[in-house]
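This is model15.cif. It holds mmCIF, C-alpha atoms.
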data_input
#
loop_
_atom_site.group_PDB
_atom_site.id
_atom_site.type_symbol
_atom_site.label_atom_id
_atom_site.label_comp_id
_atom_site.auth_asym_id
_atom_site.auth_seq_id
_atom_site.Cartn_x
_atom_site.Cartn_y
_atom_site.Cartn_z
ATOM 1 C CA MET Z 1 26.354 -37.146 182.563
ATOM 2 C CA ALA Z 2 27.808 -35.244 179.631
ATOM 3 C CA GLY Z 3 25.881 -35.734 176.417
ATOM 4 C CA HIS Z 4 28.328 -37.091 173.855
ATOM 5 C CA ARG Z 5 31.540 -39.043 174.412
ATOM 6 C CA PHE Z 6 34.290 -39.510 171.857
ATOM 7 C CA PRO Z 7 37.564 -41.436 172.137
ATOM 8 C CA VAL Z 8 40.763 -39.460 171.694
ATOM 9 C CA PRO Z 9 42.447 -40.935 168.579
ATOM 10 C CA ARG Z 10 45.727 -42.795 169.027
ATOM 11 C CA PHE Z 11 48.660 -42.778 166.595
ATOM 12 C CA GLU Z 12 51.831 -44.847 166.653
ATOM 13 C CA GLY Z 13 55.232 -43.970 165.222
ATOM 14 C CA VAL Z 14 54.318 -40.412 164.216
ATOM 15 C CA SER Z 15 57.161 -38.442 162.619
ATOM 16 C CA GLN Z 16 57.803 -34.753 163.194
ATOM 17 C CA GLU Z 17 56.777 -34.011 159.610
ATOM 18 C CA GLN Z 18 53.514 -35.954 159.944
ATOM 19 C CA PHE Z 19 52.681 -34.247 163.228
ATOM 20 C CA ILE Z 20 53.382 -30.702 162.019
ATOM 21 C CA GLU Z 21 51.851 -31.020 158.558
ATOM 22 C CA GLN Z 22 48.885 -33.349 159.116
ATOM 23 C CA LEU Z 23 47.929 -33.619 162.795
ATOM 24 C CA TYR Z 24 48.848 -30.330 164.452
ATOM 25 C CA PRO Z 25 46.778 -28.093 162.124
ATOM 26 C CA GLN Z 26 43.613 -29.965 163.163
ATOM 27 C CA ARG Z 27 43.966 -28.522 166.694
ATOM 28 C CA LYS Z 28 42.533 -31.663 168.295
ATOM 29 C CA PRO Z 29 43.831 -33.812 171.163
ATOM 30 C CA LEU Z 30 45.541 -37.062 170.273
ATOM 31 C CA VAL Z 31 47.583 -39.795 171.949
ATOM 32 C CA LEU Z 32 51.001 -40.597 170.513
ATOM 33 C CA GLU Z 33 52.473 -44.055 171.087
ATOM 34 C CA GLY Z 34 55.940 -45.416 170.456
ATOM 35 C CA ILE Z 35 57.754 -42.113 171.079
ATOM 36 C CA ASP Z 36 61.360 -42.399 172.306
ATOM 37 C CA LEU Z 37 61.196 -40.794 175.756
ATOM 38 C CA GLY Z 38 64.482 -42.124 177.086
ATOM 39 C CA ALA Z 39 64.933 -44.336 180.131
ATOM 40 C CA CYS Z 40 62.538 -42.451 182.421
ATOM 41 C CA THR Z 41 59.574 -44.787 181.833
ATOM 42 C CA SER Z 42 61.545 -47.766 183.165
ATOM 43 C CA LYS Z 43 63.959 -46.132 185.631
ATOM 44 C CA TRP Z 44 61.721 -43.729 187.555
ATOM 45 C CA THR Z 45 60.633 -46.055 190.314
ATOM 46 C CA VAL Z 46 59.837 -44.738 193.787
ATOM 47 C CA ASP Z 47 63.255 -45.859 195.082
ATOM 48 C CA TYR Z 48 65.142 -44.372 192.139
ATOM 49 C CA LEU Z 49 63.409 -40.986 192.277
ATOM 50 C CA SER Z 50 63.834 -40.833 196.058
ATOM 51 C CA GLN Z 51 67.552 -41.476 195.735
ATOM 52 C CA ILE Z 52 68.379 -39.378 192.658
ATOM 53 C CA GLY Z 53 65.900 -36.567 193.321
ATOM 54 C CA GLY Z 54 67.354 -35.998 196.768
ATOM 55 C CA SER Z 55 66.043 -34.075 199.744
ATOM 56 C CA LYS Z 56 65.387 -30.752 198.018
ATOM 57 C CA GLU Z 57 62.359 -29.008 199.565
ATOM 58 C CA VAL Z 58 59.289 -28.884 197.296
ATOM 59 C CA LYS Z 59 55.931 -27.156 197.741
ATOM 60 C CA ILE Z 60 52.951 -29.487 197.364
ATOM 61 C CA HIS Z 61 49.150 -29.593 197.495
ATOM 62 C CA VAL Z 62 47.711 -31.787 200.266
ATOM 63 C CA ALA Z 63 44.020 -32.733 200.356
ATOM 64 C CA ALA Z 64 41.867 -34.939 202.556
ATOM 65 C CA VAL Z 65 39.768 -35.953 199.528
ATOM 66 C CA ALA Z 66 40.607 -37.215 196.052
ATOM 67 C CA GLN Z 67 38.769 -34.469 194.122
ATOM 68 C CA MET Z 68 40.880 -31.347 194.408
ATOM 69 C CA ASP Z 69 38.966 -28.102 193.910
ATOM 70 C CA PHE Z 70 40.995 -25.023 193.040
ATOM 71 C CA ILE Z 71 38.000 -22.682 193.341
ATOM 72 C CA SER Z 72 37.037 -23.617 196.914
ATOM 73 C CA LYS Z 73 40.663 -24.457 197.817
ATOM 74 C CA ASN Z 74 39.849 -27.763 199.538
ATOM 75 C CA PHE Z 75 43.566 -28.394 199.973
ATOM 76 C CA VAL Z 76 46.473 -26.882 201.837
ATOM 77 C CA TYR Z 77 49.991 -26.054 200.712
ATOM 78 C CA ARG Z 78 52.787 -27.806 202.540
ATOM 79 C CA THR Z 79 56.502 -28.402 202.065
ATOM 80 C CA LEU Z 80 58.322 -31.741 202.071
ATOM 81 C CA PRO Z 81 61.754 -33.008 201.037
ATOM 82 C CA PHE Z 82 61.395 -34.393 197.521
ATOM 83 C CA ASP Z 83 62.350 -37.939 198.533
ATOM 84 C CA LYS Z 84 59.725 -37.940 201.293
ATOM 85 C CA LEU Z 85 57.092 -36.599 198.916
ATOM 86 C CA VAL Z 86 57.737 -39.401 196.415
ATOM 87 C CA GLN Z 87 57.475 -42.043 199.124
ATOM 88 C CA ARG Z 88 54.280 -40.615 200.609
ATOM 89 C CA ALA Z 89 52.619 -40.065 197.219
ATOM 90 C CA ALA Z 90 53.079 -43.747 196.386
ATOM 91 C CA GLU Z 91 51.304 -44.857 199.594
ATOM 92 C CA GLU Z 92 47.597 -45.531 200.089
ATOM 93 C CA LYS Z 93 47.848 -45.014 203.876
ATOM 94 C CA HIS Z 94 50.398 -42.898 205.704
ATOM 95 C CA THR Z 95 52.058 -43.244 209.095
ATOM 96 C CA GLU Z 96 53.207 -39.635 208.769
ATOM 97 C CA PHE Z 97 50.718 -37.087 207.489
ATOM 98 C CA PHE Z 98 49.486 -33.469 207.669
ATOM 99 C CA ILE Z 99 45.692 -33.909 207.649
ATOM 100 C CA SER Z 100 44.733 -37.582 207.630
ATOM 101 C CA GLU Z 101 46.274 -40.988 207.064
ATOM 102 C CA ASP Z 102 44.717 -41.265 203.590
ATOM 103 C CA GLU Z 103 45.463 -37.714 202.418
ATOM 104 C CA LYS Z 104 46.403 -37.094 198.776
ATOM 105 C CA TYR Z 105 49.487 -35.335 197.438
ATOM 106 C CA TYR Z 106 50.077 -33.368 194.273
ATOM 107 C CA LEU Z 107 53.379 -31.877 193.170
ATOM 108 C CA ARG Z 108 53.573 -29.312 190.413
ATOM 109 C CA SER Z 109 57.220 -28.298 190.197
ATOM 110 C CA LEU Z 110 58.110 -24.605 190.114
ATOM 111 C CA GLY Z 111 61.040 -22.530 188.919
ATOM 112 C CA GLU Z 112 63.739 -21.506 191.385
ATOM 113 C CA ASP Z 113 62.036 -18.147 191.742
ATOM 114 C CA PRO Z 114 58.362 -18.855 190.933
ATOM 115 C CA ARG Z 115 57.729 -15.158 190.321
ATOM 116 C CA LYS Z 116 60.305 -14.982 187.532
ATOM 117 C CA ASP Z 117 61.425 -18.473 186.499
ATOM 118 C CA VAL Z 118 59.411 -21.078 184.612
ATOM 119 C CA ALA Z 119 59.605 -24.728 185.614
ATOM 120 C CA ASP Z 120 62.163 -26.824 183.756
ATOM 121 C CA ILE Z 121 62.910 -30.287 185.121
ATOM 122 C CA ARG Z 122 66.351 -30.129 183.522
ATOM 123 C CA LYS Z 123 67.234 -27.189 185.764
ATOM 124 C CA GLN Z 124 65.331 -28.047 188.942
ATOM 125 C CA PHE Z 125 66.300 -31.760 188.854
ATOM 126 C CA PRO Z 126 69.508 -31.898 186.772
ATOM 127 C CA LEU Z 127 70.405 -35.450 187.840
ATOM 128 C CA LEU Z 128 67.250 -36.701 186.092
ATOM 129 C CA GLU Z 129 67.923 -34.891 182.815
ATOM 130 C CA GLY Z 130 69.877 -37.777 181.301
ATOM 131 C CA ASP Z 131 66.854 -40.070 181.635
ATOM 132 C CA ILE Z 132 64.563 -37.874 179.523
ATOM 133 C CA LYS Z 133 64.108 -37.331 175.806
ATOM 134 C CA PHE Z 134 61.543 -34.697 174.924
ATOM 135 C CA PRO Z 135 59.405 -35.359 171.818
ATOM 136 C CA LYS Z 136 60.927 -33.558 168.840
ATOM 137 C CA PHE Z 137 57.774 -32.065 167.386
ATOM 138 C CA PHE Z 138 58.470 -28.379 168.011
ATOM 139 C CA LYS Z 139 61.558 -26.243 167.511
ATOM 140 C CA GLU Z 140 63.771 -25.729 170.553
ATOM 141 C CA GLU Z 141 63.047 -21.993 170.578
ATOM 142 C CA GLN Z 142 59.334 -22.785 170.992
ATOM 143 C CA PHE Z 143 59.952 -24.584 174.297
ATOM 144 C CA PHE Z 144 58.415 -22.816 177.278
ATOM 145 C CA SER Z 145 58.402 -25.139 180.296
ATOM 146 C CA SER Z 146 58.664 -28.732 181.507
ATOM 147 C CA VAL Z 147 56.679 -29.278 184.672
ATOM 148 C CA PHE Z 148 57.386 -32.283 186.890
ATOM 149 C CA ARG Z 149 54.098 -33.604 188.328
ATOM 150 C CA ILE Z 150 53.643 -36.384 190.863
ATOM 151 C CA SER Z 151 50.278 -37.426 192.306
ATOM 152 C CA SER Z 152 48.785 -39.943 194.713
ATOM 153 C CA PRO Z 153 46.622 -42.884 193.576
ATOM 154 C CA GLY Z 154 43.091 -41.780 192.778
ATOM 155 C CA LEU Z 155 43.842 -38.054 192.722
ATOM 156 C CA GLN Z 156 41.512 -35.990 190.509
ATOM 157 C CA LEU Z 157 42.654 -32.579 189.368
ATOM 158 C CA TRP Z 158 40.127 -29.829 188.662
ATOM 159 C CA THR Z 159 39.033 -29.148 185.081
ATOM 160 C CA HIS Z 160 41.102 -26.312 183.639
ATOM 161 C CA TYR Z 161 42.717 -25.059 180.455
ATOM 162 C CA ASP Z 162 46.101 -23.681 179.406
ATOM 163 C CA VAL Z 163 46.527 -21.230 176.564
ATOM 164 C CA MET Z 164 49.746 -22.825 175.323
ATOM 165 C CA ASP Z 165 50.042 -26.128 173.474
ATOM 166 C CA ASN Z 166 50.858 -29.030 175.786
ATOM 167 C CA PHE Z 167 52.313 -32.523 175.756
ATOM 168 C CA LEU Z 168 51.384 -34.669 178.755
ATOM 169 C CA ILE Z 169 54.003 -37.419 179.020
ATOM 170 C CA GLN Z 170 52.817 -40.334 181.142
ATOM 171 C CA VAL Z 171 56.072 -41.575 182.684
ATOM 172 C CA THR Z 172 54.700 -44.078 185.219
ATOM 173 C CA GLY Z 173 51.274 -45.318 186.318
ATOM 174 C CA LYS Z 174 47.906 -44.995 184.617
ATOM 175 C CA LYS Z 175 45.663 -41.998 184.238
ATOM 176 C CA ARG Z 176 42.234 -41.364 182.759
ATOM 177 C CA VAL Z 177 41.922 -38.046 180.959
ATOM 178 C CA VAL Z 178 38.767 -36.212 179.907
ATOM 179 C CA LEU Z 179 38.929 -33.193 177.624
ATOM 180 C CA PHE Z 180 36.316 -30.695 176.498
ATOM 181 C CA SER Z 181 36.309 -28.646 173.331
ATOM 182 C CA PRO Z 182 36.920 -24.878 173.640
ATOM 183 C CA ARG Z 183 33.614 -24.443 171.824
ATOM 184 C CA ASP Z 184 31.843 -25.987 174.831
ATOM 185 C CA ALA Z 185 33.295 -23.559 177.373
ATOM 186 C CA GLN Z 186 29.820 -22.051 177.778
ATOM 187 C CA TYR Z 187 28.635 -25.331 179.315
ATOM 188 C CA LEU Z 188 31.496 -25.827 181.794
ATOM 189 C CA TYR Z 189 30.609 -23.142 184.375
ATOM 190 C CA LEU Z 190 34.049 -21.587 184.313
ATOM 191 C CA SER Z 191 35.455 -19.407 187.031
ATOM 192 C CA GLY Z 192 38.535 -17.944 185.374
ATOM 193 C CA SER Z 193 40.283 -20.922 183.777
ATOM 194 C CA LYS Z 194 38.742 -23.503 186.179
ATOM 195 C CA SER Z 195 35.400 -25.313 186.005
ATOM 196 C CA GLU Z 196 33.029 -25.362 188.977
ATOM 197 C CA VAL Z 197 31.869 -28.882 188.025
ATOM 198 C CA LEU Z 198 34.003 -31.264 190.084
ATOM 199 C CA ASN Z 199 32.292 -34.602 189.586
ATOM 200 C CA ILE Z 200 32.152 -34.839 185.815
ATOM 201 C CA ASP Z 201 30.940 -38.470 185.854
ATOM 202 C CA ASN Z 202 27.965 -37.745 188.098
ATOM 203 C CA PRO Z 203 27.405 -33.987 187.892
ATOM 204 C CA ASP Z 204 24.724 -32.126 189.791
ATOM 205 C CA LEU Z 205 22.554 -31.237 186.800
ATOM 206 C CA ALA Z 206 20.122 -29.331 188.972
ATOM 207 C CA LYS Z 207 22.959 -26.939 189.756
ATOM 208 C CA TYR Z 208 24.787 -27.246 186.421
ATOM 209 C CA PRO Z 209 22.073 -28.088 183.834
ATOM 210 C CA LEU Z 210 24.066 -26.953 180.783
ATOM 211 C CA PHE Z 211 26.908 -29.351 181.569
ATOM 212 C CA SER Z 212 24.926 -32.146 179.915
ATOM 213 C CA LYS Z 213 25.521 -30.418 176.571
ATOM 214 C CA ALA Z 214 29.314 -30.543 176.836
ATOM 215 C CA ARG Z 215 31.017 -33.009 174.508
ATOM 216 C CA ARG Z 216 33.805 -34.980 176.110
ATOM 217 C CA TYR Z 217 36.855 -36.649 174.617
ATOM 218 C CA GLU Z 218 38.347 -39.450 176.700
ATOM 219 C CA CYS Z 219 41.464 -41.574 176.828
ATOM 220 C CA SER Z 220 43.454 -43.719 179.237
ATOM 221 C CA LEU Z 221 47.177 -43.168 179.433
ATOM 222 C CA LYS Z 222 49.773 -45.776 180.351
ATOM 223 C CA ALA Z 223 53.514 -45.391 180.845
ATOM 224 C CA GLY Z 224 55.106 -44.150 177.613
ATOM 225 C CA ASP Z 225 51.989 -42.520 176.157
ATOM 226 C CA VAL Z 226 52.125 -38.861 175.107
ATOM 227 C CA LEU Z 227 48.909 -36.822 174.992
ATOM 228 C CA PHE Z 228 48.900 -33.714 172.808
ATOM 229 C CA ILE Z 229 46.562 -31.074 174.246
ATOM 230 C CA PRO Z 230 46.027 -28.032 172.015
ATOM 231 C CA GLY Z 231 45.980 -24.686 173.748
ATOM 232 C CA ALA Z 232 42.588 -23.646 175.211
ATOM 233 C CA ALA Z 233 41.249 -27.217 175.397
ATOM 234 C CA HIS Z 234 39.766 -27.991 178.820
ATOM 235 C CA LEU Z 235 41.271 -30.926 180.685
ATOM 236 C CA LYS Z 236 40.497 -33.021 183.746
ATOM 237 C CA TYR Z 237 42.617 -35.971 184.733
ATOM 238 C CA LEU Z 238 41.804 -38.742 187.113
ATOM 239 C CA GLY Z 239 44.662 -40.811 188.477
ATOM 240 C CA ILE Z 240 44.213 -44.563 188.665
ATOM 241 C CA HIS Z 241 47.640 -45.294 190.144
ATOM 242 C CA TYR Z 242 50.434 -43.286 191.718
ATOM 243 C CA THR Z 243 51.605 -41.356 188.691
ATOM 244 C CA VAL Z 244 54.579 -39.397 187.475
ATOM 245 C CA ILE Z 245 54.130 -37.170 184.448
ATOM 246 C CA LEU Z 246 56.030 -34.499 182.572
ATOM 247 C CA TRP Z 247 53.944 -31.598 181.316
ATOM 248 C CA LEU Z 248 55.622 -29.834 178.400
ATOM 249 C CA GLN Z 249 54.420 -26.462 177.157
ATOM 250 C CA PHE Z 250 55.343 -24.968 173.809
ATOM 251 C CA LYS Z 251 54.768 -21.567 172.279
ATOM 252 C CA GLY Z 252 52.897 -23.004 169.323
ATOM 253 C CA HIS Z 253 50.331 -20.218 169.111
ATOM 254 C CA ILE Z 254 51.123 -18.146 172.160
ATOM 255 C CA GLY Z 255 52.672 -15.471 169.937
ATOM 256 C CA ILE Z 256 49.343 -15.228 168.148
ATOM 257 C CA PHE Z 257 47.640 -14.861 171.515
ATOM 258 C CA PHE Z 258 49.773 -11.855 172.438
ATOM 259 C CA LEU Z 259 49.389 -10.408 168.952
ATOM 260 C CA CYS Z 260 45.604 -10.612 169.293
ATOM 261 C CA GLN Z 261 45.802 -9.217 172.810
ATOM 262 C CA GLN Z 262 47.463 -6.122 171.414
ATOM 263 C CA ASN Z 263 45.097 -5.929 168.426
ATOM 264 C CA PHE Z 264 41.902 -7.357 169.826
ATOM 265 C CA SER Z 265 39.639 -5.361 167.523
ATOM 266 C CA LEU Z 266 41.200 -7.172 164.563
ATOM 267 C CA LEU Z 267 40.709 -10.685 165.932
ATOM 268 C CA ASN Z 268 37.768 -11.711 163.766
ATOM 269 C CA THR Z 269 38.576 -9.556 160.748
ATOM 270 C CA THR Z 270 40.584 -10.161 157.605
ATOM 271 C CA GLN Z 271 43.242 -7.791 158.958
ATOM 272 C CA CYS Z 272 44.118 -10.112 161.844
ATOM 273 C CA ASN Z 273 47.413 -11.887 161.228
ATOM 274 C CA ILE Z 274 46.286 -15.370 162.293
ATOM 275 C CA PRO Z 275 47.395 -18.234 160.029
ATOM 276 C CA CYS Z 276 44.531 -19.829 158.135
ATOM 277 C CA TYR Z 277 45.232 -23.274 159.601
ATOM 278 C CA ILE Z 278 44.263 -22.158 163.114
ATOM 279 C CA GLY Z 279 40.977 -23.932 163.826
ATOM 280 C CA LYS Z 280 37.725 -22.025 164.280
ATOM 281 C CA GLU Z 281 37.363 -23.409 167.813
ATOM 282 C CA TYR Z 282 40.753 -22.015 168.798
ATOM 283 C CA LYS Z 283 39.921 -18.576 167.416
ATOM 284 C CA GLU Z 284 36.643 -18.552 169.311
ATOM 285 C CA ARG Z 285 38.342 -19.569 172.564
ATOM 286 C CA LEU Z 286 41.006 -16.895 172.082
ATOM 287 C CA SER Z 287 38.231 -14.367 171.631
ATOM 288 C CA GLU Z 288 36.579 -15.494 174.887
ATOM 289 C CA ILE Z 289 39.862 -15.380 176.809
ATOM 290 C CA LEU Z 290 40.712 -11.925 175.519
ATOM 291 C CA CYS Z 291 37.213 -10.611 176.214
ATOM 292 C CA SER Z 292 37.511 -11.786 179.812
ATOM 293 C CA GLN Z 293 40.735 -9.799 180.163
ATOM 294 C CA GLU Z 294 39.324 -6.548 178.809
#
Write out the structure in this file as structure tokens.
Amino acid sequence: MAGHRFPVPRFEGVSQEQFIEQLYPQRKPLVLEGIDLGACTSKWTVDYLSQIGGSKEVKIHVAAVAQMDFISKNFVYRTLPFDKLVQRAAEEKHTEFFISEDEKYYLRSLGEDPRKDVADIRKQFPLLEGDIKFPKFFKEEQFFSSVFRISSPGLQLWTHYDVMDNFLIQVTGKKRVVLFSPRDAQYLYLSGSKSEVLNIDNPDLAKYPLFSKARRYECSLKAGDVLFIPGAAHLKYLGIHYTVILWLQFKGHIGIFFLCQQNFSLLNTTQCNIPCYIGKEYKERLSEILCSQE
């Protein structure tokens, strides 16, 4: 069991000015409530998505167990028509399946050409665009991607981090999310950007003794909640229900990342052009990421 647990703070009715000036500079996760997300939280039922999303082929992860492990690859990649994927993902037991009748599904939408194009639900699923309102906390030119994610009940995704700033929009269902500070990366047994520790609630401390030192920040998300995840924070989510989420990425500090990548020797000096409001934890995590890429 991880040593210290802290609740992720929740805020309701946050304005763009309040977010940018007061909350964002703290570089900490937070849950935003009462954000106008459009009709998606009420309209995106299984039947509606199956009908409007159509039969476009999508690539998915399929696993025989709930805890997906990216390092050992305990899943297979398969392709299904989108409408079939939605229907299967909402089921507990399947009459049609690839591995087993209780297999789990996970969709992470891709660009048209995954090698060149980023995911944007407005382009890959244009008939759904009218149902969505993205939170207006960043400038439009900072937008990077909007990833459509659908997962089976009980699915647990591996602990990982993204360098960019993220908004996880819980459209339907419930999800439990656990985050770890970038400062605790040394306790997470990382392989690249993924943690080797799968069962974070009952970890094998004989194998991963330092994991008990990692501080964890937890929250439960319901339909309409928006979780802000600062870049480089480590995240694991555990689905309670069949869930649909939108994962938005913004270039909040990614420009700083590339600047530091080009001028790594300046990262921790007064000559480094990093704004003073960037938290110490974020600077340290940037340093670790860049060191690993040397």
Practice task
List the neighbours of region 85-100 of chain Z out to 7 Å using all atoms listed in the file; skip same-chain residues closer than 5 positions along the sequence, and give me the result as a ChimeraX atom specification.
Solution key: /Z:46,50,64,80,105,151-152,242
Practice task
List, as a PyMOL selection string, every residue that the PyMOL selection byres ((chain Z and resi 161-169) around 7) selects in the file provided.
Solution key: chain Z and resi 160+170-171+193+224-235+245-254
Writing out the chosen residues with C-alpha atoms as a PDB file, keeping the file's coordinate frame:
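So the final result, stored in part.pdb, reads:
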ATOM      1  CA  HIS Z 160      41.102 -26.312 183.639  1.00  0.00           C
ATOM      2  CA  GLN Z 170      52.817 -40.334 181.142  1.00  0.00           C
ATOM      3  CA  VAL Z 171      56.072 -41.575 182.684  1.00  0.00           C
ATOM      4  CA  SER Z 193      40.283 -20.922 183.777  1.00  0.00           C
ATOM      5  CA  GLY Z 224      55.106 -44.150 177.613  1.00  0.00           C
ATOM      6  CA  ASP Z 225      51.989 -42.520 176.157  1.00  0.00           C
ATOM      7  CA  VAL Z 226      52.125 -38.861 175.107  1.00  0.00           C
ATOM      8  CA  LEU Z 227      48.909 -36.822 174.992  1.00  0.00           C
ATOM      9  CA  PHE Z 228      48.900 -33.714 172.808  1.00  0.00           C
ATOM     10  CA  ILE Z 229      46.562 -31.074 174.246  1.00  0.00           C
ATOM     11  CA  PRO Z 230      46.027 -28.032 172.015  1.00  0.00           C
ATOM     12  CA  GLY Z 231      45.980 -24.686 173.748  1.00  0.00           C
ATOM     13  CA  ALA Z 232      42.588 -23.646 175.211  1.00  0.00           C
ATOM     14  CA  ALA Z 233      41.249 -27.217 175.397  1.00  0.00           C
ATOM     15  CA  HIS Z 234      39.766 -27.991 178.820  1.00  0.00           C
ATOM     16  CA  LEU Z 235      41.271 -30.926 180.685  1.00  0.00           C
ATOM     17  CA  ILE Z 245      54.130 -37.170 184.448  1.00  0.00           C
ATOM     18  CA  LEU Z 246      56.030 -34.499 182.572  1.00  0.00           C
ATOM     19  CA  TRP Z 247      53.944 -31.598 181.316  1.00  0.00           C
ATOM     20  CA  LEU Z 248      55.622 -29.834 178.400  1.00  0.00           C
ATOM     21  CA  GLN Z 249      54.420 -26.462 177.157  1.00  0.00           C
ATOM     22  CA  PHE Z 250      55.343 -24.968 173.809  1.00  0.00           C
ATOM     23  CA  LYS Z 251      54.768 -21.567 172.279  1.00  0.00           C
ATOM     24  CA  GLY Z 252      52.897 -23.004 169.323  1.00  0.00           C
ATOM     25  CA  HIS Z 253      50.331 -20.218 169.111  1.00  0.00           C
ATOM     26  CA  ILE Z 254      51.123 -18.146 172.160  1.00  0.00           C
TER      27      ILE Z 254
END
Exercise for the section: Would you list the contacts of region 196-204 of chain Z as a PyMOL selection string, taking every protein, DNA or RNA residue within 10 Å and counting only C-alpha atoms, but skipping same-chain residues closer than 5 positions in sequence? Expected result: chain Z and resi 1-2+67-72+156-160+178+187-191+209+211-212+216+236
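Closest approach to Leu110 (chain Z) from the set Z:Pro126, Z:Ile150, Z:Lys59, Z:Tyr77 is made by Z:Lys59, with distances taken over all atoms listed in the file.
Here CA of Val31 (chain Z) is placed at a distance of 10.3 Å from CA of Val14 (chain Z).
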Handout entry: Spatial neighbours of Phe125 (chain Z), max dist 12 Å, only C-alpha atoms, sep filter under 6 positions, as a list in words
Key =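 Counting only C-alpha atoms, the residues come to Leu49, Ser50, Gln51, Ile52, Gly53, Gly54, Ser55, Lys56, Glu57, Val58, Phe82, Ser109, Leu110, Gly111, Glu112, Ala119, Asp131, Ile132, Ser146, Val147 and Phe148 of chain Z.
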Handout entry: Polymer residues at most 8 Å from Val177 (chain Z), all atoms listed in the file, same-chain spacing of 2 or more positions, as a list in words
Key = Lys175, Leu179, Glu218, Cys219, Ser220, Leu221, Leu235, Lys236, Tyr237 and Leu238 of chain Z
Practice task
Find the distance between CA of Asp184 (chain Z) and CA of Tyr208 (chain Z) and write it in Å to one decimal.
Solution key: 13.6 Å
Exercise for the section: Provide the CA of Ile35 (chain Z) to CA of Gly173 (chain Z) distance in Å, to one decimal place. Expected result: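 Answer for the CA of Ile35 (chain Z) to CA of Gly173 (chain Z) separation: 16.9 Å.
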Practice task
Check the smallest atom-to-atom distance from each of Z:Ile60, Z:Leu155, Z:Leu128, Z:Val118 to Phe143 (chain Z) using all atoms listed in the file, then report the winner.
Solution key: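 Checking each of Z:Ile60, Z:Leu155, Z:Leu128, Z:Val118 against Phe143 (chain Z), counting all atoms listed in the file, the winner is Z:Val118.
Nearest residue to Ile121 (chain Z), choosing from Z:Lys104, Z:Arg149, Z:Asp83, Z:His241 and counting only C-alpha atoms: Z:Arg149.
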What box, with edges along x, y and z, holds each listed atom of region 75-81 of chain Z when 5 Å is added on every side, and can you state its centre and edge lengths in Å to one decimal, as JSON?
{"center_x": 52.7, "center_y": -29.5, "center_z": 201.3, "size_x": 28.2, "size_y": 17.0, "size_z": 12.6}
Could you add the missing atoms to region 77-86 of chain Z, up to N, CA, C and O atoms, and return them as a PDB file, in the frame of the given file?
ATOM      1  N   TYR Z  77      48.623 -25.991 201.231  1.00  0.00           N
ATOM      2  CA  TYR Z  77      49.991 -26.054 200.712  1.00  0.00           C
ATOM      3  C   TYR Z  77      50.924 -26.437 201.850  1.00  0.00           C
ATOM      4  O   TYR Z  77      50.843 -25.882 202.944  1.00  0.00           O
ATOM      5  N   ARG Z  78      51.794 -27.383 201.569  1.00  0.00           N
ATOM      6  CA  ARG Z  78      52.787 -27.806 202.540  1.00  0.00           C
ATOM      7  C   ARG Z  78      54.123 -28.001 201.835  1.00  0.00           C
ATOM      8  O   ARG Z  78      54.194 -28.010 200.601  1.00  0.00           O
ATOM      9  N   THR Z  79      55.159 -28.192 202.609  1.00  0.00           N
ATOM     10  CA  THR Z  79      56.502 -28.402 202.065  1.00  0.00           C
ATOM     11  C   THR Z  79      57.062 -29.712 202.604  1.00  0.00           C
ATOM     12  O   THR Z  79      56.916 -30.021 203.791  1.00  0.00           O
ATOM     13  N   LEU Z  80      57.676 -30.489 201.701  1.00  0.00           N
ATOM     14  CA  LEU Z  80      58.322 -31.741 202.071  1.00  0.00           C
ATOM     15  C   LEU Z  80      59.633 -31.888 201.302  1.00  0.00           C
ATOM     16  O   LEU Z  80      59.756 -31.353 200.184  1.00  0.00           O
ATOM     17  N   PRO Z  81      60.600 -32.617 201.853  1.00  0.00           N
ATOM     18  CA  PRO Z  81      61.754 -33.008 201.037  1.00  0.00           C
ATOM     19  C   PRO Z  81      61.267 -33.858 199.863  1.00  0.00           C
ATOM     20  O   PRO Z  81      60.330 -34.668 200.026  1.00  0.00           O
ATOM     21  N   PHE Z  82      61.866 -33.692 198.714  1.00  0.00           N
ATOM     22  CA  PHE Z  82      61.395 -34.393 197.521  1.00  0.00           C
ATOM     23  C   PHE Z  82      61.333 -35.898 197.740  1.00  0.00           C
ATOM     24  O   PHE Z  82      60.347 -36.546 197.352  1.00  0.00           O
ATOM     25  N   ASP Z  83      62.356 -36.487 198.345  1.00  0.00           N
ATOM     26  CA  ASP Z  83      62.350 -37.939 198.533  1.00  0.00           C
ATOM     27  C   ASP Z  83      61.189 -38.387 199.411  1.00  0.00           C
ATOM     28  O   ASP Z  83      60.561 -39.428 199.168  1.00  0.00           O
ATOM     29  N   LYS Z  84      60.855 -37.604 200.439  1.00  0.00           N
ATOM     30  CA  LYS Z  84      59.725 -37.940 201.293  1.00  0.00           C
ATOM     31  C   LYS Z  84      58.399 -37.811 200.544  1.00  0.00           C
ATOM     32  O   LYS Z  84      57.477 -38.610 200.725  1.00  0.00           O
ATOM     33  N   LEU Z  85      58.307 -36.787 199.717  1.00  0.00           N
ATOM     34  CA  LEU Z  85      57.092 -36.599 198.916  1.00  0.00           C
ATOM     35  C   LEU Z  85      56.845 -37.798 198.014  1.00  0.00           C
ATOM     36  O   LEU Z  85      55.717 -38.308 197.921  1.00  0.00           O
ATOM     37  N   VAL Z  86      57.877 -38.256 197.320  1.00  0.00           N
ATOM     38  CA  VAL Z  86      57.737 -39.401 196.415  1.00  0.00           C
ATOM     39  C   VAL Z  86      57.251 -40.628 197.182  1.00  0.00           C
ATOM     40  O   VAL Z  86      56.341 -41.347 196.743  1.00  0.00           O
TER      41      VAL Z  86
END
